[in-house]
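data-v2.csv (CSV, C-alpha atoms)
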```csv
chain,number,residue,atom,x,y,z
A,1,MET,CA,-16.2,-36.8,19.2
A,2,ARG,CA,-19.4,-34.7,18.9
A,3,SER,CA,-18.6,-32.7,21.9
A,4,CYS,CA,-15.1,-32.1,20.6
A,5,TRP,CA,-16.6,-30.8,17.4
A,6,PHE,CA,-18.8,-28.4,19.3
A,7,LEU,CA,-15.8,-27.2,21.3
A,8,MET,CA,-13.9,-26.5,18.1
A,9,LYS,CA,-16.8,-24.7,16.5
A,10,ARG,CA,-17.4,-22.6,19.7
A,11,MET,CA,-13.8,-21.6,19.8
A,12,ALA,CA,-13.8,-20.7,16.2
A,13,TRP,CA,-16.9,-18.5,16.8
A,14,VAL,CA,-15.1,-16.7,19.7
A,15,LYS,CA,-12.1,-16.3,17.6
A,16,ARG,CA,-14.0,-14.8,14.6
A,17,THR,CA,-16.1,-12.6,16.8
A,18,VAL,CA,-13.1,-11.0,18.6
A,19,SER,CA,-11.1,-10.7,15.4
A,20,ARG,CA,-13.9,-9.1,13.5
A,21,THR,CA,-14.8,-6.6,16.2
A,22,ALA,CA,-11.2,-5.5,16.6
A,23,ASP,CA,-10.7,-5.4,12.9
A,24,THR,CA,-13.8,-3.4,12.2
A,25,SER,CA,-13.3,-0.8,14.8
A,26,ASP,CA,-9.6,-0.4,13.8
A,27,ALA,CA,-10.5,-0.1,10.2
A,28,VAL,CA,-13.1,2.5,10.9
A,29,GLU,CA,-10.7,4.6,13.0
A,30,PHE,CA,-7.9,4.2,10.5
A,31,GLU,CA,-10.2,5.5,7.7
A,32,ARG,CA,-11.4,8.4,9.9
A,33,LEU,CA,-7.8,9.5,10.6
A,34,LEU,CA,-6.4,9.1,7.1
A,35,ARG,CA,-9.1,9.5,4.6
A,36,GLU,CA,-8.9,13.3,4.3
A,37,HIS,CA,-5.1,13.1,3.8
A,38,VAL,CA,-5.0,10.4,1.2
A,39,PRO,CA,-5.7,12.7,-1.9
A,40,ALA,CA,-2.9,15.1,-0.9
A,41,LEU,CA,-0.6,12.2,-0.3
A,42,TYR,CA,-1.5,10.8,-3.6
A,43,ARG,CA,-0.7,14.1,-5.3
A,44,SER,CA,2.7,14.2,-3.6
A,45,ALA,CA,3.3,10.6,-4.7
A,46,TYR,CA,2.4,11.5,-8.3
A,47,ARG,CA,4.8,14.4,-8.3
A,48,TRP,CA,7.6,12.2,-7.0
A,49,THR,CA,7.0,9.3,-9.2
A,50,GLY,CA,5.5,10.9,-12.3
A,51,ALA,CA,3.1,8.1,-13.0
A,52,VAL,CA,-0.4,7.2,-11.8
A,53,ASP,CA,0.3,3.5,-11.2
A,54,ARG,CA,3.5,4.1,-9.3
A,55,ALA,CA,1.8,6.8,-7.2
A,56,GLU,CA,-1.1,4.4,-6.4
A,57,ASP,CA,1.4,1.7,-5.4
A,58,LEU,CA,3.3,4.1,-3.2
A,59,VAL,CA,0.2,5.3,-1.4
A,60,GLN,CA,-1.0,1.7,-1.0
A,61,GLN,CA,2.3,0.7,0.5
A,62,LEU,CA,2.1,3.6,2.8
A,63,LEU,CA,-1.3,2.7,4.1
A,64,VAL,CA,-0.3,-0.9,4.6
A,65,ARG,CA,2.7,0.3,6.6
A,66,LEU,CA,0.6,2.7,8.7
A,67,TYR,CA,-2.3,0.4,9.6
A,68,PRO,CA,-0.4,-1.5,12.3
A,69,ARG,CA,0.7,1.8,13.7
A,70,LEU,CA,-2.8,3.0,14.5
A,71,ALA,CA,-1.9,3.6,18.1
A,72,GLU,CA,0.8,6.1,17.1
A,73,LEU,CA,-1.4,7.8,14.6
A,74,ARG,CA,-4.0,8.5,17.3
A,75,GLU,CA,-1.5,10.4,19.4
A,76,LEU,CA,-0.3,12.7,16.6
A,77,ASP,CA,-1.1,16.4,16.7
A,78,GLN,CA,0.0,16.9,13.1
A,79,LEU,CA,-0.6,13.8,11.1
A,80,ARG,CA,0.3,14.9,7.6
A,81,PRO,CA,4.0,15.6,8.0
A,82,TRP,CA,4.5,12.4,10.0
A,83,VAL,CA,2.8,10.4,7.4
A,84,LEU,CA,4.6,12.1,4.6
A,85,ARG,CA,7.9,11.2,6.3
A,86,VAL,CA,6.9,7.6,6.3
A,87,MET,CA,6.0,7.8,2.6
A,88,TYR,CA,9.3,9.5,1.8
A,89,ARG,CA,11.2,6.7,3.5
A,90,ILE,CA,9.3,4.1,1.6
A,91,PHE,CA,10.0,5.8,-1.7
A,92,VAL,CA,13.7,6.4,-1.0
A,93,ASP,CA,14.1,2.7,0.0
A,94,GLN,CA,12.2,1.7,-3.2
A,95,LEU,CA,14.5,3.8,-5.3
A,96,ARG,CA,17.6,2.4,-3.7
A,97,ARG,CA,16.3,-1.2,-4.4
A,98,GLU,CA,15.5,-0.3,-8.0
A,99,ARG,CA,18.9,1.2,-8.6
A,100,ALA,CA,20.6,-1.8,-7.1
A,101,SER,CA,18.5,-4.1,-9.2
A,102,PRO,CA,19.5,-5.0,-12.8
A,103,VAL,CA,15.8,-4.6,-13.7
A,104,GLN,CA,15.2,-0.8,-13.9
A,105,PHE,CA,11.7,0.7,-13.4
A,106,GLY,CA,10.9,3.2,-16.1
A,107,ALA,CA,14.4,4.0,-17.2
A,108,ASP,CA,15.3,7.6,-16.8
A,109,PRO,CA,17.5,8.9,-19.5
A,110,VAL,CA,18.9,11.5,-17.1
A,111,ALA,CA,20.3,9.3,-14.5
A,112,SER,CA,22.6,11.9,-13.2
A,113,ASP,CA,20.0,12.8,-10.6
A,114,ALA,CA,20.6,9.7,-8.6
A,115,LEU,CA,20.3,9.6,-4.9
A,116,PRO,CA,23.0,11.7,-3.3
A,117,ALA,CA,25.6,10.3,-1.0
A,118,GLY,CA,27.7,12.4,1.4
A,119,GLU,CA,26.3,15.5,-0.2
A,120,ASP,CA,27.1,18.1,2.4
A,121,ASP,CA,30.1,19.4,0.7
A,122,ALA,CA,29.8,17.7,-2.6
A,123,TRP,CA,26.6,19.4,-3.6
A,124,VAL,CA,28.0,22.4,-5.2
A,125,ASP,CA,26.0,23.7,-8.1
A,126,PRO,CA,28.1,22.8,-11.2
A,127,GLY,CA,25.8,24.5,-13.7
A,128,PRO,CA,26.4,27.6,-15.6
A,129,GLY,CA,25.4,31.0,-14.3
A,130,PRO,CA,21.8,32.0,-13.6
A,131,LEU,CA,19.5,31.4,-16.5
A,132,GLU,CA,17.0,34.1,-16.7
A,133,LEU,CA,13.6,32.6,-17.0
A,134,THR,CA,10.5,34.5,-18.0
A,135,ASN,CA,6.9,33.4,-17.7
A,136,GLN,CA,6.7,33.2,-21.4
A,137,GLU,CA,9.6,30.8,-21.6
A,138,VAL,CA,8.4,28.5,-18.8
A,139,THR,CA,5.5,27.1,-20.7
A,140,GLN,CA,3.6,24.3,-19.1
A,141,GLU,CA,4.7,21.9,-21.9
A,142,ARG,CA,8.4,22.7,-21.4
A,143,LEU,CA,8.1,22.5,-17.6
A,144,LEU,CA,6.4,19.1,-17.8
A,145,ARG,CA,9.1,17.7,-20.0
A,146,ALA,CA,11.8,19.1,-17.7
A,147,TRP,CA,10.0,17.8,-14.6
A,148,GLU,CA,9.8,14.3,-16.2
A,149,ARG,CA,13.5,14.4,-16.8
A,150,LEU,CA,14.3,15.5,-13.3
A,151,GLY,CA,15.5,12.8,-10.9
A,152,GLU,CA,13.1,11.6,-8.3
A,153,GLU,CA,15.2,13.0,-5.4
A,154,HIS,CA,15.0,16.5,-6.9
A,155,ARG,CA,11.3,16.2,-7.6
A,156,MET,CA,10.7,15.2,-4.0
A,157,VAL,CA,12.4,18.2,-2.5
A,158,LEU,CA,11.0,20.7,-5.0
A,159,SER,CA,7.5,19.2,-4.6
A,160,MET,CA,7.5,19.4,-0.8
A,161,HIS,CA,9.2,22.8,-0.5
A,162,ASP,CA,8.3,24.9,-3.6
A,163,ILE,CA,4.8,23.4,-4.3
A,164,GLU,CA,3.5,22.2,-1.0
A,165,ASP,CA,5.1,24.9,1.1
A,166,TYR,CA,6.7,22.8,3.8
A,167,THR,CA,9.3,24.9,5.6
A,168,LEU,CA,12.9,24.0,5.6
A,169,PRO,CA,12.9,22.8,9.3
A,170,GLU,CA,9.8,20.8,8.6
A,171,LEU,CA,11.4,19.3,5.5
A,172,ALA,CA,14.6,18.5,7.3
A,173,ARG,CA,12.6,16.4,9.8
A,174,ILE,CA,10.6,14.7,7.0
A,175,MET,CA,13.7,13.9,5.0
A,176,ASP,CA,15.8,13.2,8.2
A,177,ILE,CA,18.7,15.3,6.9
A,178,PRO,CA,20.6,18.3,8.3
A,179,LEU,CA,19.3,21.7,7.4
A,180,GLY,CA,22.5,22.5,5.5
A,181,THR,CA,22.2,19.4,3.4
A,182,LEU,CA,18.6,20.2,2.7
A,183,LYS,CA,19.5,23.7,1.5
A,184,SER,CA,22.2,22.3,-0.8
A,185,ARG,CA,19.8,19.7,-2.2
A,186,LEU,CA,17.1,22.3,-2.8
A,187,HIS,CA,19.6,24.6,-4.5
A,188,ARG,CA,20.8,21.7,-6.6
A,189,ALA,CA,17.3,20.7,-7.6
A,190,ARG,CA,16.4,24.1,-8.7
A,191,ALA,CA,19.6,24.5,-10.7
A,192,ARG,CA,19.0,21.2,-12.4
A,193,LEU,CA,15.4,22.1,-13.3
A,194,ARG,CA,16.7,25.4,-14.7
A,195,GLU,CA,19.3,23.5,-16.8
A,196,LEU,CA,16.6,21.2,-18.1
A,197,LEU,CA,14.3,24.1,-18.9
A,198,ALA,CA,17.1,25.8,-20.7
A,199,ALA,CA,17.7,22.6,-22.7
A,200,GLU,CA,14.0,22.6,-23.5
A,201,ARG,CA,14.3,26.2,-24.7
A,202,LEU,CA,17.1,25.2,-27.1
A,203,VAL,CA,15.1,22.2,-28.4
A,204,ALA,CA,12.1,24.6,-29.0
A,205,ALA,CA,14.4,27.0,-30.8
A,206,ASP,CA,15.7,24.2,-33.0
A,207,ARG,CA,12.2,23.2,-33.8
A,208,VAL,CA,11.5,26.8,-35.0
B,1,MET,CA,19.2,32.4,-8.4
B,2,ALA,CA,17.6,35.8,-8.6
B,3,ASP,CA,14.4,36.2,-6.6
B,4,ASP,CA,12.4,37.0,-9.7
B,5,ASP,CA,13.7,33.9,-11.4
B,6,PHE,CA,13.0,31.8,-8.4
B,7,GLN,CA,9.4,33.1,-8.1
B,8,THR,CA,8.8,32.5,-11.8
B,9,LEU,CA,10.0,29.0,-11.4
B,10,ARG,CA,8.0,28.4,-8.3
B,11,GLN,CA,4.8,29.8,-9.8
B,12,ALA,CA,5.3,27.6,-12.8
B,13,LEU,CA,5.9,24.5,-10.6
B,14,ARG,CA,2.6,25.2,-8.9
B,15,ARG,CA,0.8,25.2,-12.2
B,16,ILE,CA,2.0,21.6,-13.1
B,17,PRO,CA,-1.2,19.7,-13.4
B,18,THR,CA,-1.5,16.9,-10.8
B,19,PRO,CA,-4.4,14.5,-11.2
B,20,GLU,CA,-6.7,13.6,-8.3
B,21,PRO,CA,-6.8,9.9,-7.3
B,22,ARG,CA,-8.8,7.7,-9.7
B,23,THR,CA,-12.4,7.1,-8.7
B,24,GLY,CA,-12.6,4.6,-5.9
B,25,PHE,CA,-8.9,4.5,-5.3
B,26,VAL,CA,-9.0,6.1,-1.8
B,27,GLU,CA,-11.7,3.6,-0.6
B,28,ARG,CA,-9.9,0.6,-2.1
B,29,ALA,CA,-6.5,1.6,-0.7
B,30,LEU,CA,-7.9,2.0,2.8
B,31,ALA,CA,-9.9,-1.2,2.6
B,32,ARG,CA,-6.8,-3.1,1.3
B,33,ALA,CA,-4.7,-1.8,4.1
B,34,ALA,CA,-7.2,-3.3,6.6
B,35,VAL,CA,-7.6,-6.5,4.7
B,36,GLN,CA,-3.9,-7.1,4.5
B,37,GLN,CA,-3.6,-6.5,8.1
B,38,ARG,CA,-6.2,-9.1,8.8
B,39,GLY,CA,-3.8,-11.6,7.1
B,40,THR,CA,-1.3,-10.8,9.9
B,41,PRO,CA,-3.4,-10.0,12.9
B,42,ALA,CA,-1.0,-7.7,14.6
B,43,SER,CA,-3.6,-5.1,15.3
B,44,LEU,CA,-5.0,-7.2,18.1
B,45,PRO,CA,-3.6,-6.7,21.6
B,46,ALA,CA,-0.6,-9.0,21.9
B,47,ARG,CA,-2.1,-11.2,24.6
B,48,VAL,CA,-5.4,-11.7,22.8
B,49,ARG,CA,-3.5,-12.3,19.6
B,50,HIS,CA,-1.4,-14.9,21.2
B,51,PHE,CA,-4.4,-16.7,22.5
B,52,LEU,CA,-6.2,-16.5,19.2
B,53,LEU,CA,-3.2,-17.7,17.3
B,54,ARG,CA,-2.6,-20.6,19.5
B,55,TRP,CA,-6.1,-22.0,20.2
B,56,GLU,CA,-6.0,-24.7,17.5
B,57,THR,CA,-2.7,-25.9,18.9
B,58,TRP,CA,-4.1,-26.1,22.4
B,59,ALA,CA,-7.3,-27.8,21.2
B,60,GLY,CA,-5.3,-30.2,19.0
B,61,ALA,CA,-3.1,-31.1,21.9
B,62,ALA,CA,-5.9,-31.5,24.3
B,63,LEU,CA,-8.1,-33.5,22.0
B,64,GLY,CA,-5.3,-35.5,20.4
B,65,ALA,CA,-6.4,-34.5,16.9
B,66,ALA,CA,-5.0,-36.9,14.5
B,67,ALA,CA,-5.2,-34.4,11.7
B,68,ALA,CA,-2.2,-32.6,13.0
B,69,ALA,CA,0.0,-35.3,11.7
B,70,ALA,CA,-1.0,-34.4,8.1
B,71,VAL,CA,0.4,-30.9,8.4
B,72,THR,CA,3.7,-30.8,6.5
B,73,PHE,CA,4.2,-27.2,5.7
B,74,ILE,CA,1.1,-25.1,5.5
B,75,LEU,CA,-2.4,-26.5,5.9
B,76,LEU,CA,-5.2,-24.3,4.7
B,77,ARG,CA,-8.7,-24.9,5.7
B,78,PRO,CA,-11.7,-22.7,5.8
B,79,VAL,CA,-13.0,-22.3,9.4
B,80,ASP,CA,-16.6,-22.5,8.4
B,81,SER,CA,-16.4,-25.7,6.5
B,82,THR,CA,-17.0,-29.2,7.5
B,83,VAL,CA,-15.3,-30.5,4.4
B,84,SER,CA,-11.8,-29.2,4.2
B,85,GLN,CA,-11.0,-29.6,0.5
B,86,GLN,CA,-13.9,-28.0,-1.3
B,87,PRO,CA,-16.4,-26.5,1.2
B,88,GLN,CA,-19.5,-24.8,0.0
B,89,LEU,CA,-21.3,-21.8,1.3
B,90,ALA,CA,-24.6,-20.1,0.3
B,91,LEU,CA,-25.1,-16.4,0.3
B,92,ILE,CA,-28.2,-14.2,-0.4
B,93,LEU,CA,-27.9,-11.9,-3.3
B,94,HIS,CA,-26.1,-8.6,-2.3
B,95,GLU,CA,-25.2,-10.1,1.0
B,96,THR,CA,-21.7,-9.3,2.3
B,97,ARG,CA,-20.1,-12.0,4.5
B,98,ASN,CA,-16.6,-12.5,5.9
B,99,VAL,CA,-15.3,-15.8,4.8
B,100,ASP,CA,-12.5,-16.9,7.1
B,101,VAL,CA,-9.6,-18.9,5.9
B,102,LEU,CA,-7.3,-20.3,8.4
B,103,ILE,CA,-3.7,-20.6,7.5
B,104,ASP,CA,-1.8,-23.0,9.7
B,105,SER,CA,1.9,-22.8,9.4
B,106,GLU,CA,4.3,-25.0,11.2
B,107,ARG,CA,6.9,-22.2,11.2
B,108,GLU,CA,7.2,-18.5,10.9
B,109,LEU,CA,7.1,-17.5,7.2
B,110,LYS,CA,8.5,-14.1,6.3
B,111,GLY,CA,7.2,-12.5,3.1
B,112,ALA,CA,4.7,-15.1,2.1
B,113,THR,CA,2.6,-14.2,-1.0
B,114,ILE,CA,-1.1,-14.4,-0.5
B,115,ARG,CA,-3.2,-14.4,-3.6
B,116,ILE,CA,-7.0,-14.2,-3.5
B,117,ALA,CA,-9.3,-14.6,-6.5
B,118,ALA,CA,-13.1,-14.2,-6.4
B,119,THR,CA,-14.8,-15.5,-9.6
B,120,GLY,CA,-18.3,-16.0,-10.9
B,121,SER,CA,-21.1,-14.5,-8.9
B,122,ILE,CA,-19.0,-13.2,-6.0
B,123,GLY,CA,-16.5,-10.4,-5.5
B,124,LEU,CA,-14.4,-8.9,-2.8
B,125,ASP,CA,-16.2,-6.1,-0.9
B,126,GLY,CA,-14.5,-2.8,-1.4
B,127,PHE,CA,-12.6,-3.9,-4.5
B,128,ASP,CA,-15.1,-3.0,-7.1
B,129,ASP,CA,-14.3,-4.9,-10.3
B,130,GLU,CA,-11.0,-6.2,-9.1
B,131,ARG,CA,-11.3,-9.9,-8.8
B,132,ARG,CA,-7.7,-10.8,-8.0
B,133,VAL,CA,-5.8,-9.4,-5.1
B,134,ASP,CA,-2.3,-10.3,-3.9
B,135,TRP,CA,0.0,-9.1,-1.3
B,136,GLN,CA,2.9,-10.1,0.8
B,137,ALA,CA,2.6,-10.8,4.5
B,138,ASP,CA,4.6,-12.4,7.3
B,139,LEU,CA,2.8,-15.5,8.7
B,140,GLU,CA,3.3,-16.4,12.3
B,141,ARG,CA,4.0,-20.0,13.4
B,142,GLY,CA,0.7,-21.6,14.2
B,143,SER,CA,-2.7,-20.3,13.0
B,144,ASN,CA,-3.2,-17.1,11.1
B,145,LEU,CA,-6.7,-16.0,10.4
B,146,LEU,CA,-7.5,-14.4,7.1
B,147,SER,CA,-11.0,-12.8,7.0
B,148,LEU,CA,-12.2,-12.1,3.5
B,149,PRO,CA,-15.1,-9.8,2.9
B,150,VAL,CA,-17.1,-11.5,0.1
B,151,VAL,CA,-20.0,-9.9,-1.5
B,152,ALA,CA,-22.7,-11.7,-3.5
B,153,ARG,CA,-23.0,-9.7,-6.7
B,154,THR,CA,-25.2,-11.9,-9.0
B,155,ALA,CA,-27.2,-15.0,-8.6
B,156,GLY,CA,-25.4,-18.2,-9.4
B,157,LYS,CA,-22.2,-20.0,-8.6
B,158,GLY,CA,-19.0,-18.4,-7.5
B,159,ARG,CA,-15.6,-19.5,-6.2
B,160,LEU,CA,-13.1,-18.0,-3.8
B,161,VAL,CA,-9.6,-19.2,-4.2
B,162,ALA,CA,-6.8,-18.5,-1.7
B,163,VAL,CA,-3.2,-19.3,-2.6
B,164,ILE,CA,-0.2,-19.0,-0.3
B,165,GLU,CA,3.2,-19.1,-1.8
B,166,HIS,CA,6.5,-19.1,0.0
B,167,ASP,CA,10.0,-20.1,-1.0
B,168,GLY,CA,8.7,-21.9,-4.2
B,169,ARG,CA,6.1,-23.8,-2.3
B,170,THR,CA,2.4,-23.3,-2.8
B,171,GLN,CA,-0.8,-24.2,-1.0
B,172,ARG,CA,-4.2,-23.6,-2.4
B,173,VAL,CA,-7.8,-23.8,-1.1
B,174,ALA,CA,-11.0,-23.2,-3.0
B,175,ILE,CA,-14.4,-22.4,-1.6
B,176,ASP,CA,-17.4,-22.8,-3.7
B,177,LEU,CA,-20.2,-20.4,-3.1
B,178,THR,CA,-23.8,-20.3,-4.3
B,179,VAL,CA,-25.6,-16.9,-4.5
B,180,ILE,CA,-29.3,-17.2,-4.1
B,181,ASP,CA,-31.7,-14.6,-5.3
B,182,PRO,CA,-34.7,-14.9,-2.9
B,183,LYS,CA,-37.1,-13.4,-5.4
B,184,VAL,CA,-36.3,-16.0,-8.0
B,185,SER,CA,-36.3,-18.9,-5.4
B,186,ARG,CA,-39.8,-18.0,-4.3
B,187,SER,CA,-41.3,-17.8,-7.7
```

Turn the structure described in the file into structure tokens.
Amino acid sequence: MRSCWFLMKRMAWVKRTVSRTADTSDAVEFERLLREHVPALYRSAYRWTGAVDRAEDLVQQLLVRLYPRLAELRELDQLRPWVLRVMYRIFVDQLRRERASPVQFGADPVASDALPAGEDDAWVDPGPGPLELTNQEVTQERLLRAWERLGEEHRMVLSMHDIEDYTLPELARIMDIPLGTLKSRLHRARARLRELLAAERLVAADRV
Amino acid sequence: MADDDFQTLRQALRRIPTPEPRTGFVERALARAAVQQRGTPASLPARVRHFLLRWETWAGAALGAAAAAAVTFILLRPVDSTVSQQPQLALILHETRNVDVLIDSERELKGATIRIAATGSIGLDGFDDERRVDWQADLERGSNLLSLPVVARTAGKGRLVAVIEHDGRTQRVAIDLTVIDPKVSRS
């Protein structure tokens, strides 16, 4: 029985040694590849979700999802758009689950910005004519309130295109949608934001 | 939308304050991704992984280990221990050591919840003040190695508890650790 025990211990040692060596080198390389991108990914996640905890959860899910794909990450010329695409998919899946669930996550009073379906033709701007905006009117306070009321799908497209400067073709790949659909969605998101800003303007006028 | 209007909006959007990650978040998130992966050792080459995941089964079969009969659903036992129920380990103050927990599952378990708690004098390396960590992982049939980076923070007693939950069933293992401060021991 003694020799059996030694055999077991020896095999356990081999197992731990191999496992640790592989784990450590993978973890080091994973961190080397991704560390510089994580703050930017977090900022994107924060703009999408509007909350620190949800942004952290999203980035954490992303990293967990990416870790087993280290071999793919090594081969990428441009890592950021690829990783952003993965994060986008995780978030869209999460939104779909939340909206299908009776338990809602941070109920949004403006639920009209739900995930679009079959939007190619349906996404026609229903809003009123152009609302002239001036720098004075777009105060940070009003913009923040409008941004918070904007649906996640609109926040995502505005964040990536208008803030982070991804081009339309890049964004079409990230979001995996046709260019025409993307343009419609972007147009719709801007129109919705302008509506919300206009509403904020009226609220501010009421307060005066 | 008029160009001026669009530019006004765009400039305003860029002024929306966006916080940087909280202190330590990046490090913790990267460390967690690696730790969670260790729970499901898919990062190893498939052939090596297959060998590693199956060795207890082979050894058990070859040696005719009677303990295998006791496995009903999941059997947890720490690799380093000689006593399966409540093993004890000693660490030197500030030492970091991987404590391996072996999760034997008699079938594949999708979406098992793994909860780890480090209490008393120990903590989980890379997790600062977070003493409880939980996540979901798929467990393979056979043995799954969970390597936990434990750090000895203060002298005294500590306990590492691992809980596996799946489909309403729970298995728990606790490992008692003693952290020794060499300076105090010598005096």

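Taking atom CA of Val161 of chain B and atom CA of Leu66 of chain A as endpoints, the distance between them is 27.4 Å.
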
Could you work out how far atom CA of Met160 of chain A lies from atom CA of Arg32 of chain B, giving the answer in Å with one decimal?
26.7 Å

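Between His154 of chain A and the candidates A:Val28, A:Gln78, A:Arg190, A:Val92, the tightest atom-to-atom separation, counting only C-alpha atoms, involves A:Arg190.
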
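Coordinates place atom CA of Gln7 of chain B at a distance of 19.2 Å from atom CA of Glu200 of chain A.
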
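Minimum distance to Leu158 of chain A across A:Arg96, A:His187, A:Leu143, A:Arg32 (counting only C-alpha atoms) occurs at A:His187.
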
Do a neighbour search on segment 109-124 of chain B at 10 Å with all atoms listed in the file, toss out local chain neighbours closer than 4 positions, and write the hits as number ranges by chain.
B: 36, 39, 74, 91, 93-98, 105, 128-141, 146, 148-167, 169-180
